[in-house]
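Everything on this sheet refers to the single structure shown next.
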There are 2 protein chains.
Amino acid sequence: MPIESLRDVPAATSELLQKIFAERRPAASDIAPGFADAVDAMGGFVLRGGKRVRPTFAWAGYQAAGPARALPDEMLTVCAALEFVQACALIHDDIIDRSDTRRGHPTVHREFEQLHRDSGWLGSPESYGEGVAILLGDLALAWADDLFRAAGFTPDVVAAVADIWAGMRTEVLAGQYLDITAEAAGDESPVAAHRVMRFKTAAYTVERPLQLGAAIGGADADLIEALRSFGTDVGVAFQLRDDVLGVFGDPEVTGKPAGDDIIAGKRTALLAAALNLSDINDPAAARVLRERIGKKLGPAELAETTQIILDSGAVARVETQIGELVESAMITLTASSADATAKADLADLATSMTQRRA
Amino acid sequence: MPIESLRDVPAATSELLQKIFAERRPAASDIAPGFADAVDAMGGFVLRGGKRVRPTFAWAGYQAAGPARALPDEMLTVCAALEFVQACALIHDDIIDRSDTRRGHPTVHREFEQLHRDSGWLGSPESYGEGVAILLGDLALAWADDLFRAAGFTPDVVAAVADIWAGMRTEVLAGQYLDITAEAAGDESPVAAHRVMRFKTAAYTVERPLQLGAAIGGADADLIEALRSFGTDVGVAFQLRDDVLGVFGDPEVTGKPAGDDIIAGKRTALLAAALNLSDINDPAAARVLRERIGKKLGPAELAETTQIILDSGAVARVETQIGELVESAMITLTASSADATAKADLADLATSMTQRRA
């Protein structure tokens, strides 16, 4: 399907992904029919992801470079490649977080754990499920690079995008590593929370996809730098919104249990701010907060804990930060040489991602 | 260091790998000092691996293409990239196999499990160690592709090698998936055992590296096809030798406990042959064998089990297969248009890999 506006990108990406899995099935089946089944499971996972946030930002960056629109097919291939990177990140993250469901289905490791159980196989179903999920995540990551290569860019374009593509993959893995390490170490520093936001979310979800599209579209260095700045601001604001929703979100809207981040013990910037402010203004509250992070809590305890976070002034501080980041992003965007349509689209995206309720 | 013979490849690859880690450290440290520590751990792992089997075969393929020796630096970069693929494969395999040591050191997941324990951190040390190892394996795989891209091949060379590089990564992951699935399902078919050998070992270790080097060296389609055939034969023979050593190897020479594969429940071609032959000639022995695979056994039980495998005629059959495969490989090699020095080197490699005692 032709892409006429940014709203067409998710469906066009999904269509291409479907085509890619259909094309690859025979080769997988030639290796072994059982391997084709595993590839089908990966395909199901990739095709269930509907929002296509990274392809949308990549295409927005591509549009920002100007109306010329060279290389649209190559650009769409890169959009598909981004979804394969994302498949690896999510499949592996779900193992690390011991998550049971994703996108309304069992996670990949749970799906194969169940297959093992249903088949009455030997050994541990959990280990088998995890093993398959590790391998399928690896396969998704390998295929992401195969697709990127298959886009067939000239050496000039490869030179323009290679560092961005490399940076994106290293940064998201670094962000995930820093995230689990901060959580394990009980790190309360705002610096640590900010690093995780910067690399795990902002760089990976917004900044790098935008730059990737812009570089493919032939943007100059100034525009690529402006998109970096815009992307970091919007990406961090997006994560801060996520942090607020993770504690105060309406379970009926977010689809996640109330106070999810508190019980999970997530080391968010919101929590870091709440701890820092309480240490100064209400040490007794800070003590209660520290005791309860990462524990199973009853409704009364949970309500009291979220009230401590609210009373600390952390939510007000984070809301101010979100406002400032979005404002900064808009100033950068307005001053940039981005194409007019792309500017309007990016402004809309920045608003919807940072003002959402779910 | 300049590479004058195939024997120089391991040291030259290690030297380049050391340089790559030194160059990448500052960027990792810019993300976060803690991330640089994790990259150091990956570097330690990569640099401890000394045999560099895949780089050696890749360089042999490159030599086979003729004496012109264009692109030697690019070729060495690909050798380093192969070791990053291997780092991912081993780090993730060690999680899947729950291995404690590798190359005389704790495996990566155990190393970070211990760090967690020593630091008195929150949550499960095992989960943290596994999480970090999943992420560092992913990082190694991403860096493998970054290096491959950084080699900076012209579109012609990229077109010649892309399918080989893509095939190699998909095949090793498929082979690992088929391996753990055959083990879980208790699959006794020689076909399943052969598939695992073909993809997990032969394609990944010999055939694809050879082809990769040959394609970079500018080999024609006939030579690339001859190397595929040679590589499959030698790779399968290598794995069959491994299977024999996994049951009958001298622990003092292999460094692995006696009867390692029996206790681990590995679904090898040797075991498949032993079961098939015993089913026909000695059903009582077949029953004992089936009962004992994958169980902890005392010395007497282990000795009896290995005797059953020997008495079944499976070892003789496998030795015959090894001999036939090596002979077939040598015939292909002799008839090929490979460079004379490369022919001699490849013949030596085929012998040493299939007649070894460890």
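Ordering of the structure tokens sets the chain letters (A, B, ...), residue numbers begin anew at 1 in every chain, and ligands are numbered from 1 in the order given.
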Once you count only C-alpha atoms, which residues of chain B turn out to be within 8 Å of chain A? Could you give them as a VMD selection string? chain B and resid 31 to 32 34 to 35 92 95 to 96 116 121 to 123 127 to 128 130 to 132 134 to 136 138 to 139 141 to 143 145 to 146 149 152 154 to 155 162 166 169 to 171 173 to 174 176 to 178 180 to 181 183 to 186 195
For Arg103 of chain A, please output as an mmCIF file with N, CA, C and O atoms, in the first residue's frame all residues within 10 Å (counting only C-alpha atoms; exclusion window: fewer than 5 positions along the same chain).
data_model
loop_
_atom_site.group_PDB
_atom_site.id
_atom_site.type_symbol
_atom_site.label_atom_id
_atom_site.label_comp_id
_atom_site.auth_asym_id
_atom_site.auth_seq_id
_atom_site.Cartn_x
_atom_site.Cartn_y
_atom_site.Cartn_z
ATOM 1 N N PHE A 45 3.953 -13.250 17.046
ATOM 2 C CA PHE A 45 4.333 -12.220 18.012
ATOM 3 C C PHE A 45 4.536 -10.874 17.312
ATOM 4 O O PHE A 45 3.998 -9.850 17.737
ATOM 5 N N ARG A 48 1.269 -9.339 15.959
ATOM 6 C CA ARG A 48 0.296 -8.854 16.947
ATOM 7 C C ARG A 48 0.606 -7.439 17.427
ATOM 8 O O ARG A 48 -0.238 -6.796 18.028
ATOM 9 N N GLY A 49 1.827 -6.960 17.204
ATOM 10 C CA GLY A 49 2.209 -5.615 17.684
ATOM 11 C C GLY A 49 1.685 -4.574 16.723
ATOM 12 O O GLY A 49 2.198 -4.422 15.622
ATOM 13 N N GLY A 50 0.682 -3.807 17.124
ATOM 14 C CA GLY A 50 0.001 -2.970 16.150
ATOM 15 C C GLY A 50 0.394 -1.515 16.099
ATOM 16 O O GLY A 50 0.149 -0.846 15.093
#
For the alpha helix (DSSP H) assignment from backbone DSSP, which residues of segment 37-220 of chain A qualify? Please present them as a compact mmCIF listing (two decimals) with N, CA and C atoms, in the first residue's frame.
# COMPACT_ATOMS: atom_id res chain seq x y z
N ASP A 37 7.66 -24.01 12.47
CA ASP A 37 6.68 -23.75 13.52
C ASP A 37 7.17 -22.67 14.48
N ALA A 38 8.46 -22.73 14.82
CA ALA A 38 9.02 -21.73 15.74
C ALA A 38 9.02 -20.35 15.08
N VAL A 39 9.34 -20.32 13.79
CA VAL A 39 9.32 -19.04 13.05
C VAL A 39 7.88 -18.51 13.01
N ASP A 40 6.92 -19.41 12.85
CA ASP A 40 5.50 -18.97 12.89
C ASP A 40 5.16 -18.32 14.23
N ALA A 41 5.69 -18.89 15.30
CA ALA A 41 5.42 -18.31 16.63
C ALA A 41 6.01 -16.90 16.71
N MET A 42 7.20 -16.73 16.15
CA MET A 42 7.81 -15.40 16.14
C MET A 42 6.98 -14.46 15.26
N GLY A 43 6.51 -14.99 14.13
CA GLY A 43 5.66 -14.19 13.24
C GLY A 43 4.39 -13.73 13.94
N GLY A 44 3.76 -14.65 14.66
CA GLY A 44 2.56 -14.28 15.40
C GLY A 44 2.84 -13.15 16.36
N PHE A 45 3.95 -13.25 17.05
CA PHE A 45 4.33 -12.22 18.01
C PHE A 45 4.54 -10.87 17.31
N VAL A 46 5.31 -10.87 16.24
CA VAL A 46 5.62 -9.62 15.52
C VAL A 46 4.34 -9.01 14.94
N LEU A 47 3.46 -9.85 14.40
CA LEU A 47 2.27 -9.33 13.72
C LEU A 47 1.19 -8.87 14.71
N ARG A 48 1.27 -9.34 15.96
CA ARG A 48 0.30 -8.85 16.95
C ARG A 48 0.61 -7.44 17.43
N VAL A 53 5.32 2.17 16.74
CA VAL A 53 5.78 3.50 17.16
C VAL A 53 7.09 3.88 16.48
N ARG A 54 8.05 2.95 16.48
CA ARG A 54 9.37 3.26 15.90
C ARG A 54 9.31 3.48 14.39
N PRO A 55 8.59 2.62 13.65
CA PRO A 55 8.41 2.93 12.22
C PRO A 55 7.76 4.29 12.00
N THR A 56 6.80 4.66 12.84
CA THR A 56 6.14 5.94 12.67
C THR A 56 7.13 7.10 12.86
N PHE A 57 7.95 7.02 13.89
CA PHE A 57 8.95 8.08 14.08
C PHE A 57 9.98 8.06 12.95
N ALA A 58 10.37 6.86 12.52
CA ALA A 58 11.35 6.79 11.42
C ALA A 58 10.78 7.46 10.17
N TRP A 59 9.52 7.18 9.89
CA TRP A 59 8.91 7.77 8.70
C TRP A 59 8.76 9.29 8.86
N ALA A 60 8.46 9.71 10.09
CA ALA A 60 8.36 11.15 10.35
C ALA A 60 9.71 11.83 10.09
N GLY A 61 10.80 11.17 10.49
CA GLY A 61 12.13 11.72 10.23
C GLY A 61 12.42 11.78 8.73
N TYR A 62 11.96 10.75 8.05
CA TYR A 62 12.14 10.66 6.60
C TYR A 62 11.39 11.80 5.90
N GLN A 63 10.16 12.05 6.36
CA GLN A 63 9.37 13.16 5.81
C GLN A 63 10.01 14.50 6.14
N ALA A 64 10.59 14.57 7.34
CA ALA A 64 11.17 15.85 7.78
C ALA A 64 12.29 16.30 6.86
N PRO A 72 11.53 5.18 -1.04
CA PRO A 72 10.43 4.83 -0.14
C PRO A 72 10.38 3.34 0.21
N ASP A 73 10.69 2.45 -0.76
CA ASP A 73 10.66 1.01 -0.47
C ASP A 73 11.73 0.64 0.54
N GLU A 74 12.93 1.22 0.36
CA GLU A 74 14.03 0.95 1.28
C GLU A 74 13.65 1.44 2.68
N MET A 75 13.01 2.61 2.72
CA MET A 75 12.60 3.19 4.00
C MET A 75 11.60 2.27 4.71
N LEU A 76 10.69 1.70 3.96
CA LEU A 76 9.70 0.81 4.57
C LEU A 76 10.37 -0.49 5.06
N THR A 77 11.37 -0.94 4.32
CA THR A 77 12.12 -2.13 4.77
C THR A 77 12.79 -1.85 6.12
N VAL A 78 13.33 -0.64 6.27
CA VAL A 78 13.95 -0.28 7.55
C VAL A 78 12.88 -0.23 8.66
N CYS A 79 11.69 0.23 8.32
CA CYS A 79 10.59 0.22 9.31
C CYS A 79 10.33 -1.21 9.79
N ALA A 80 10.31 -2.16 8.87
CA ALA A 80 10.12 -3.56 9.25
C ALA A 80 11.30 -4.04 10.11
N ALA A 81 12.51 -3.64 9.72
CA ALA A 81 13.70 -4.05 10.50
C ALA A 81 13.59 -3.55 11.94
N LEU A 82 13.08 -2.33 12.11
CA LEU A 82 12.92 -1.78 13.46
C LEU A 82 11.99 -2.65 14.30
N GLU A 83 10.97 -3.20 13.68
CA GLU A 83 10.04 -4.07 14.42
C GLU A 83 10.68 -5.40 14.80
N PHE A 84 11.66 -5.84 14.02
CA PHE A 84 12.39 -7.06 14.41
C PHE A 84 13.31 -6.78 15.60
N VAL A 85 13.95 -5.62 15.62
CA VAL A 85 14.74 -5.25 16.81
C VAL A 85 13.82 -5.23 18.02
N GLN A 86 12.65 -4.64 17.84
CA GLN A 86 11.70 -4.53 18.93
C GLN A 86 11.22 -5.92 19.39
N ALA A 87 11.02 -6.82 18.46
CA ALA A 87 10.62 -8.19 18.82
C ALA A 87 11.67 -8.82 19.72
N CYS A 88 12.95 -8.67 19.36
CA CYS A 88 14.02 -9.21 20.21
C CYS A 88 13.96 -8.57 21.59
N ALA A 89 13.85 -7.24 21.62
CA ALA A 89 13.86 -6.53 22.91
C ALA A 89 12.71 -7.02 23.80
N LEU A 90 11.52 -7.17 23.22
CA LEU A 90 10.37 -7.56 24.04
C LEU A 90 10.42 -9.03 24.46
N ILE A 91 10.78 -9.91 23.52
CA ILE A 91 10.83 -11.34 23.85
C ILE A 91 11.84 -11.58 24.97
N HIS A 92 13.00 -10.92 24.86
CA HIS A 92 14.03 -11.10 25.89
C HIS A 92 13.65 -10.38 27.18
N ASP A 93 13.08 -9.19 27.08
CA ASP A 93 12.62 -8.46 28.27
C ASP A 93 11.58 -9.28 29.05
N ASP A 94 10.71 -9.95 28.34
CA ASP A 94 9.68 -10.74 29.01
C ASP A 94 10.28 -11.92 29.79
N ILE A 95 11.39 -12.47 29.27
CA ILE A 95 12.09 -13.51 30.05
C ILE A 95 12.66 -12.87 31.32
N ILE A 96 13.36 -11.75 31.13
CA ILE A 96 14.05 -11.10 32.26
C ILE A 96 13.04 -10.67 33.33
N VAL A 108 6.36 -15.38 24.77
CA VAL A 108 6.95 -16.47 23.98
C VAL A 108 7.49 -17.58 24.87
N HIS A 109 8.18 -17.20 25.97
CA HIS A 109 8.73 -18.27 26.82
C HIS A 109 7.62 -19.09 27.48
N ARG A 110 6.50 -18.42 27.81
CA ARG A 110 5.38 -19.17 28.41
C ARG A 110 4.70 -20.05 27.36
N GLU A 111 4.61 -19.57 26.13
CA GLU A 111 3.98 -20.35 25.05
C GLU A 111 4.72 -21.68 24.85
N PHE A 112 6.06 -21.62 24.82
CA PHE A 112 6.82 -22.86 24.59
C PHE A 112 6.93 -23.70 25.86
N GLU A 113 6.86 -23.06 27.02
CA GLU A 113 6.78 -23.81 28.28
C GLU A 113 5.51 -24.67 28.26
N GLN A 114 4.42 -24.07 27.78
CA GLN A 114 3.14 -24.78 27.74
C GLN A 114 3.17 -25.91 26.71
N LEU A 115 3.81 -25.64 25.56
CA LEU A 115 3.95 -26.69 24.52
C LEU A 115 4.69 -27.90 25.11
N HIS A 116 5.77 -27.61 25.85
CA HIS A 116 6.55 -28.67 26.49
C HIS A 116 5.66 -29.48 27.45
N ARG A 117 4.89 -28.75 28.24
CA ARG A 117 4.02 -29.39 29.23
C ARG A 117 2.95 -30.24 28.53
N ASP A 118 2.29 -29.63 27.53
CA ASP A 118 1.23 -30.33 26.81
C ASP A 118 1.75 -31.58 26.10
N SER A 119 3.03 -31.54 25.68
CA SER A 119 3.59 -32.66 24.94
C SER A 119 4.14 -33.73 25.88
N PRO A 125 9.92 -27.77 31.81
CA PRO A 125 9.18 -26.94 30.85
C PRO A 125 9.64 -25.48 30.87
N GLU A 126 9.94 -24.95 32.07
CA GLU A 126 10.38 -23.55 32.18
C GLU A 126 11.68 -23.33 31.42
N SER A 127 12.63 -24.24 31.61
CA SER A 127 13.93 -24.08 30.94
C SER A 127 13.77 -24.18 29.43
N TYR A 128 12.92 -25.09 28.99
CA TYR A 128 12.72 -25.22 27.54
C TYR A 128 12.09 -23.93 26.98
N GLY A 129 11.06 -23.44 27.64
CA GLY A 129 10.39 -22.22 27.18
C GLY A 129 11.36 -21.05 27.11
N GLU A 130 12.17 -20.92 28.13
CA GLU A 130 13.15 -19.84 28.16
C GLU A 130 14.19 -19.99 27.07
N GLY A 131 14.66 -21.23 26.89
CA GLY A 131 15.66 -21.49 25.85
C GLY A 131 15.15 -21.11 24.48
N VAL A 132 13.94 -21.55 24.16
CA VAL A 132 13.38 -21.23 22.83
C VAL A 132 13.22 -19.71 22.69
N ALA A 133 12.76 -19.05 23.75
CA ALA A 133 12.55 -17.60 23.66
C ALA A 133 13.87 -16.85 23.50
N ILE A 134 14.93 -17.33 24.15
CA ILE A 134 16.24 -16.71 23.95
C ILE A 134 16.62 -16.83 22.47
N LEU A 135 16.46 -18.03 21.91
CA LEU A 135 16.88 -18.27 20.52
C LEU A 135 16.00 -17.48 19.53
N LEU A 136 14.69 -17.41 19.77
CA LEU A 136 13.83 -16.68 18.85
C LEU A 136 14.09 -15.17 18.92
N GLY A 137 14.42 -14.67 20.11
CA GLY A 137 14.81 -13.25 20.21
C GLY A 137 16.08 -12.99 19.42
N ASP A 138 17.05 -13.90 19.55
CA ASP A 138 18.29 -13.78 18.77
C ASP A 138 17.99 -13.79 17.27
N LEU A 139 17.09 -14.68 16.88
CA LEU A 139 16.76 -14.78 15.46
C LEU A 139 16.14 -13.47 14.96
N ALA A 140 15.28 -12.88 15.78
CA ALA A 140 14.67 -11.60 15.40
C ALA A 140 15.73 -10.53 15.23
N LEU A 141 16.72 -10.52 16.13
CA LEU A 141 17.79 -9.52 16.04
C LEU A 141 18.64 -9.74 14.79
N ALA A 142 18.95 -11.00 14.50
CA ALA A 142 19.73 -11.32 13.29
C ALA A 142 18.95 -10.91 12.04
N TRP A 143 17.65 -11.19 12.02
CA TRP A 143 16.84 -10.85 10.86
C TRP A 143 16.68 -9.34 10.70
N ALA A 144 16.68 -8.62 11.81
CA ALA A 144 16.63 -7.16 11.72
C ALA A 144 17.80 -6.66 10.89
N ASP A 145 18.98 -7.19 11.18
CA ASP A 145 20.16 -6.77 10.42
C ASP A 145 20.14 -7.29 8.98
N ASP A 146 19.61 -8.47 8.79
CA ASP A 146 19.50 -8.99 7.42
C ASP A 146 18.60 -8.08 6.58
N LEU A 147 17.49 -7.63 7.18
CA LEU A 147 16.57 -6.73 6.46
C LEU A 147 17.23 -5.40 6.18
N PHE A 148 17.91 -4.89 7.19
CA PHE A 148 18.60 -3.60 7.03
C PHE A 148 19.57 -3.70 5.85
N ARG A 149 20.28 -4.83 5.77
CA ARG A 149 21.23 -5.03 4.66
C ARG A 149 20.48 -5.21 3.34
N ALA A 150 19.34 -5.92 3.42
CA ALA A 150 18.57 -6.20 2.20
C ALA A 150 17.94 -4.93 1.61
N PRO A 155 26.66 2.81 -0.71
CA PRO A 155 27.64 3.05 0.36
C PRO A 155 27.46 4.43 1.01
N ASP A 156 27.05 5.45 0.24
CA ASP A 156 26.81 6.78 0.82
C ASP A 156 25.74 6.73 1.90
N VAL A 157 24.63 6.10 1.58
CA VAL A 157 23.53 6.03 2.55
C VAL A 157 23.94 5.16 3.74
N VAL A 158 24.61 4.04 3.46
CA VAL A 158 25.08 3.18 4.56
C VAL A 158 25.96 3.99 5.51
N ALA A 159 26.86 4.80 4.94
CA ALA A 159 27.75 5.61 5.78
C ALA A 159 26.94 6.60 6.62
N ALA A 160 25.86 7.13 6.05
CA ALA A 160 25.05 8.12 6.78
C ALA A 160 24.24 7.49 7.90
N VAL A 161 23.84 6.23 7.73
CA VAL A 161 22.93 5.63 8.73
C VAL A 161 23.60 4.62 9.66
N ALA A 162 24.81 4.13 9.30
CA ALA A 162 25.40 3.02 10.06
C ALA A 162 25.57 3.36 11.54
N ASP A 163 26.09 4.54 11.85
CA ASP A 163 26.32 4.89 13.25
C ASP A 163 25.00 5.03 14.03
N ILE A 164 23.98 5.50 13.33
CA ILE A 164 22.67 5.67 13.98
C ILE A 164 22.08 4.30 14.32
N TRP A 165 22.11 3.42 13.35
CA TRP A 165 21.59 2.05 13.54
C TRP A 165 22.39 1.32 14.63
N ALA A 166 23.71 1.45 14.57
CA ALA A 166 24.57 0.81 15.58
C ALA A 166 24.29 1.41 16.96
N GLY A 167 24.22 2.74 17.02
CA GLY A 167 23.97 3.41 18.30
C GLY A 167 22.66 2.95 18.91
N MET A 168 21.63 2.87 18.08
CA MET A 168 20.31 2.50 18.59
C MET A 168 20.32 1.15 19.28
N ARG A 169 20.94 0.15 18.63
CA ARG A 169 20.93 -1.20 19.19
C ARG A 169 21.77 -1.29 20.46
N THR A 170 22.94 -0.64 20.44
CA THR A 170 23.77 -0.65 21.65
C THR A 170 23.06 0.09 22.79
N GLU A 171 22.43 1.23 22.47
CA GLU A 171 21.82 2.04 23.52
C GLU A 171 20.64 1.34 24.20
N VAL A 172 19.81 0.66 23.40
CA VAL A 172 18.67 0.01 24.06
C VAL A 172 19.14 -1.12 24.97
N LEU A 173 20.18 -1.85 24.54
CA LEU A 173 20.71 -2.93 25.38
C LEU A 173 21.39 -2.37 26.63
N ALA A 174 22.13 -1.26 26.44
CA ALA A 174 22.74 -0.59 27.60
C ALA A 174 21.65 -0.12 28.56
N GLY A 175 20.58 0.47 28.02
CA GLY A 175 19.49 0.96 28.86
C GLY A 175 18.83 -0.15 29.66
N GLN A 176 18.65 -1.31 29.01
CA GLN A 176 18.04 -2.44 29.71
C GLN A 176 18.98 -2.96 30.80
N TYR A 177 20.27 -3.01 30.47
CA TYR A 177 21.25 -3.44 31.47
C TYR A 177 21.25 -2.49 32.67
N LEU A 178 21.26 -1.18 32.39
CA LEU A 178 21.28 -0.20 33.48
C LEU A 178 19.99 -0.29 34.30
N ASP A 179 18.89 -0.59 33.62
CA ASP A 179 17.60 -0.70 34.29
C ASP A 179 17.60 -1.86 35.29
N ILE A 180 18.00 -3.05 34.84
CA ILE A 180 17.95 -4.18 35.78
C ILE A 180 19.01 -4.03 36.88
N THR A 181 20.10 -3.35 36.55
CA THR A 181 21.15 -3.16 37.56
C THR A 181 20.70 -2.14 38.61
N ALA A 182 20.05 -1.05 38.16
CA ALA A 182 19.55 -0.05 39.12
C ALA A 182 18.49 -0.68 40.03
N GLU A 183 17.65 -1.53 39.43
CA GLU A 183 16.61 -2.17 40.21
C GLU A 183 17.22 -3.13 41.25
N ALA A 184 18.21 -3.92 40.81
CA ALA A 184 18.87 -4.86 41.73
C ALA A 184 19.60 -4.12 42.84
N ALA A 185 20.28 -3.04 42.47
CA ALA A 185 21.09 -2.30 43.44
C ALA A 185 20.24 -1.37 44.30
N PRO A 190 18.54 10.11 40.94
CA PRO A 190 17.84 10.58 39.74
C PRO A 190 18.71 10.41 38.48
N VAL A 191 20.04 10.49 38.66
CA VAL A 191 20.95 10.33 37.51
C VAL A 191 20.77 8.94 36.88
N ALA A 192 20.71 7.92 37.72
CA ALA A 192 20.54 6.55 37.22
C ALA A 192 19.19 6.42 36.51
N ALA A 193 18.14 6.95 37.12
CA ALA A 193 16.81 6.85 36.51
C ALA A 193 16.79 7.59 35.17
N HIS A 194 17.49 8.73 35.12
CA HIS A 194 17.50 9.50 33.89
C HIS A 194 18.24 8.77 32.78
N ARG A 195 19.35 8.12 33.13
CA ARG A 195 20.11 7.35 32.13
C ARG A 195 19.25 6.26 31.50
N VAL A 196 18.51 5.56 32.34
CA VAL A 196 17.66 4.49 31.81
C VAL A 196 16.63 5.07 30.84
N ARG A 208 16.59 7.86 17.83
CA ARG A 208 17.31 7.11 16.79
C ARG A 208 16.43 6.78 15.59
N PRO A 209 15.16 6.32 15.79
CA PRO A 209 14.30 6.12 14.61
C PRO A 209 14.12 7.40 13.79
N LEU A 210 13.91 8.53 14.45
CA LEU A 210 13.78 9.81 13.74
C LEU A 210 15.03 10.10 12.91
N GLN A 211 16.19 9.95 13.55
CA GLN A 211 17.45 10.24 12.86
C GLN A 211 17.68 9.29 11.69
N LEU A 212 17.30 8.03 11.90
CA LEU A 212 17.46 7.02 10.86
C LEU A 212 16.68 7.42 9.61
N GLY A 213 15.40 7.77 9.81
CA GLY A 213 14.57 8.19 8.69
C GLY A 213 15.12 9.45 8.03
N ALA A 214 15.54 10.39 8.86
CA ALA A 214 16.06 11.65 8.32
C ALA A 214 17.31 11.40 7.48
N ALA A 215 18.20 10.55 7.98
CA ALA A 215 19.44 10.27 7.25
C ALA A 215 19.13 9.57 5.92
N ILE A 216 18.17 8.65 5.93
CA ILE A 216 17.79 7.98 4.69
C ILE A 216 17.17 8.98 3.71
If we count only C-alpha atoms, what is near Ile331 of chain A at a cut-off of 12 Å, once residues fewer than 4 positions away on the same chain are taken out, given as an MDAnalysis selection string? chainID A and resid 226:227 229:230 233:234 324:327 335:336 343 347
Please write the residues from the selection above to a file, keeping C-alpha atoms, as an mmCIF file, in the first residue's frame.
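Below you can see result_16.cif, which holds the result:
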data_model
loop_
_atom_site.group_PDB
_atom_site.id
_atom_site.type_symbol
_atom_site.label_atom_id
_atom_site.label_comp_id
_atom_site.auth_asym_id
_atom_site.auth_seq_id
_atom_site.Cartn_x
_atom_site.Cartn_y
_atom_site.Cartn_z
ATOM 1 C CA ALA A 226 17.678 19.046 15.779
ATOM 2 C CA LEU A 227 15.796 15.735 15.585
ATOM 3 C CA SER A 229 17.344 17.061 20.570
ATOM 4 C CA PHE A 230 13.594 16.897 19.832
ATOM 5 C CA ASP A 233 13.033 15.602 24.962
ATOM 6 C CA VAL A 234 9.911 13.856 23.700
ATOM 7 C CA GLU A 324 9.282 21.826 30.025
ATOM 8 C CA LEU A 325 10.544 18.954 27.871
ATOM 9 C CA VAL A 326 7.614 19.195 25.469
ATOM 10 C CA GLU A 327 8.048 22.967 25.266
ATOM 11 C CA ALA A 335 13.317 26.418 14.583
ATOM 12 C CA SER A 336 14.445 23.400 12.527
ATOM 13 C CA LYS A 343 6.556 19.498 11.704
ATOM 14 C CA ALA A 347 4.022 18.147 17.096
#
Counting only C-alpha atoms, the residue of A:Thr232, A:Gln18, A:Ser278, A:Thr107 that sits nearest Met330 of chain A: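 Among the listed residues, A:Thr232 lies closest to Met330 of chain A.
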